[in-house]
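Participant: Dumping the structure here so I can ask a few things about it.
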Amino acid sequence: MNKITESDSHYNSLEKMSTEELLNNINKEDKTVPSIIKGSIKEISILVDIIVQKINIGGRLFYIGAGTSGRLGILDASECPPTFGVSNELVIGIIAGGDSAIRKAVEFAEDDPNLGWNDLKEFNININDVVVGIAASGTTPYVIGALQLCQKNNITTACIVCNLDSPLSLVADYPIEVIVGPEFVTGSTRMKAGTAQKLVLNMITTSSMIKLGKVLGNKMIDMQLSNTKLIDRGTKMVMKKTSYSYDKAKELLNKHGSVREVLKYING
C-alpha cells in the first residue's frame with residue numbers, strides 16, 4: 001500500500017529556514033485541510049445520521065485509536081458531557097495502551113490486533129453502538145482488529161483515515177478518507193492529518209448533538225455549569241429568553257441546574 005501520509009515533504013532543508021519561514025510554510029499547509037475535508041461532507045453526513053439513529057435507540061458512540069489519533073478521540077469524547085450535558089458513557093474514547101498512553105507513548109501497544117476488541121468488550125459493546133476507528137495511516141493493527149471483530153458481531157463501524165483504500169477503510173461500514181497529502185515534516189501525522197481528524201471529530205459530535213436536541217437556536221442549553229464562566233454564559237441565555245434581571249436569572253439557573261430546565265420551569 002502506498003502511504004501518502006509517509007510521502008516526502010514538499011519542503012526540504014527545514015533546519016535552514018528562519019523561524020518566520022517555518023511558520024509561514026506550516027500555515028500554508030494547514031490552510032489546505034478544510035477544503036480537503038469539504039470533499040468528504042457527504043460521507044460525514046451519512047455517518048452523523050447513523051450515529052443519531054443509534055443513540056436514539058440507546059446506543060453509544062465509541063472512538064478508538066492509537067497515539068495522536070487515540071488522543072484526539074479521547075479529547076472529543078471528553079468535551080461532550082460539559083458542552084452538551086450528556087452522560088460520560090454516551091461518547092467514549094479508547095486509546096491503545098490505556099489511559100497512561102494519553103500522556104506517554106506505550107511501546108508497541110498499537111501493534112496487537114486483539115487488544116482493541118478486548119478494550120471495547122470492557123464497555124459491553126453491542127449492536128446498538130457505533131465504533132469509529134481513527135488512524136491517519138489506516139494501517140494500525142489495534143484499530144483494524146477492533147473494527148474487524150465489530151463487523152463480525154454486527155456492530156456498526158466507521159473510520160477517519162488520511163490514506164486512500166487503507167486496510168482500515170476496508171473494515172469500516174462508513175469510511176471517511178481525508179487525503180491531506182505529505183506532512184511538512186515527513187511522516188509527522190500529528191500535523192495536517194491530526195488537524196483533519198480533529199476537524200472531522202468536531203463536525204461529527206457537534207452535528208450529532210444538535211440533531212439530538214442539545215442546542216436551542218445556537219446555544220448550548222444543556223451545558224454543565226462547571227465553572228464561573230459557564231454559569232455567567234447560562235445566566236445571560238436565561239436573561240435573553242426572559243425579562244429577568246441577571247441576579248434572578250442566575251438564581252433560577254443555580255436552582256434548576258441547566259438553561260433547559262429553567263426554560264421548562266418558566267414555560268410551565
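In the C-alpha cells, chains take the letters A, B, ... in the order shown, each chain's residues start at 1, and ligands count up from 1 in the order shown.
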Mind the document's chain letters and residue numbers, and return as a ChimeraX atom specification the residues of stretch 49-140 of chain A that DSSP labels strand (DSSP E or B).

Facilitator: /A:61-65,91-95,130-134

Participant: If you run DSSP over the backbone, which residues in stretch 13-232 of chain A end up alpha helix (DSSP H)? Put them as a PyMOL selection string.

Facilitator: chain A and resi 19-30+33-38+41-56+67-84+115-121+141-152+167-170+192-211+228-232

Participant: Mind dumping a table of every stretch 112-160 of chain A residue within 9 Å of stretch 82-101 of chain A, with the nearest atom pair and its distance in Å to one decimal, using only C-alpha atoms, sorted by chain and rising number, as a Markdown table?

Facilitator:
```
| residue | atom | partner | partner_atom | distance |
| --- | --- | --- | --- | --- |
| A:Leu115 | CA | A:Ala96 | CA | 7.6 |
| A:Gly116 | CA | A:Ala96 | CA | 7.0 |
| A:Asp119 | CA | A:Ile94 | CA | 7.5 |
| A:Leu120 | CA | A:Ile94 | CA | 7.9 |
| A:Tyr142 | CA | A:Ala96 | CA | 6.9 |
| A:Val143 | CA | A:Ala96 | CA | 8.5 |
```

Participant: Give the answer as one residue: which of A:Leu168, A:Ile176, A:Ala77, A:Val132 has the shortest atom-to-atom distance to A:Ile46, using only C-alpha atoms?

Facilitator: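 Looking at the shortest contact to A:Ile46, the residue is A:Ile176.
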
Participant: So, with only C-alpha atoms as the atoms that count, which of A:Met237, A:Ala196, A:Leu230, A:Ile64 lies closest to A:Ala158?

Facilitator: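 Of all the options, A:Ile64 lies closest to A:Ala158.
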
Participant: Between atom CA of A:Leu164 and atom CA of A:Lys3, what is the distance in Å, rounded to a tenth?

Facilitator: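 About the pair atom CA of A:Leu164 and atom CA of A:Lys3: they are 8.1 Å apart.
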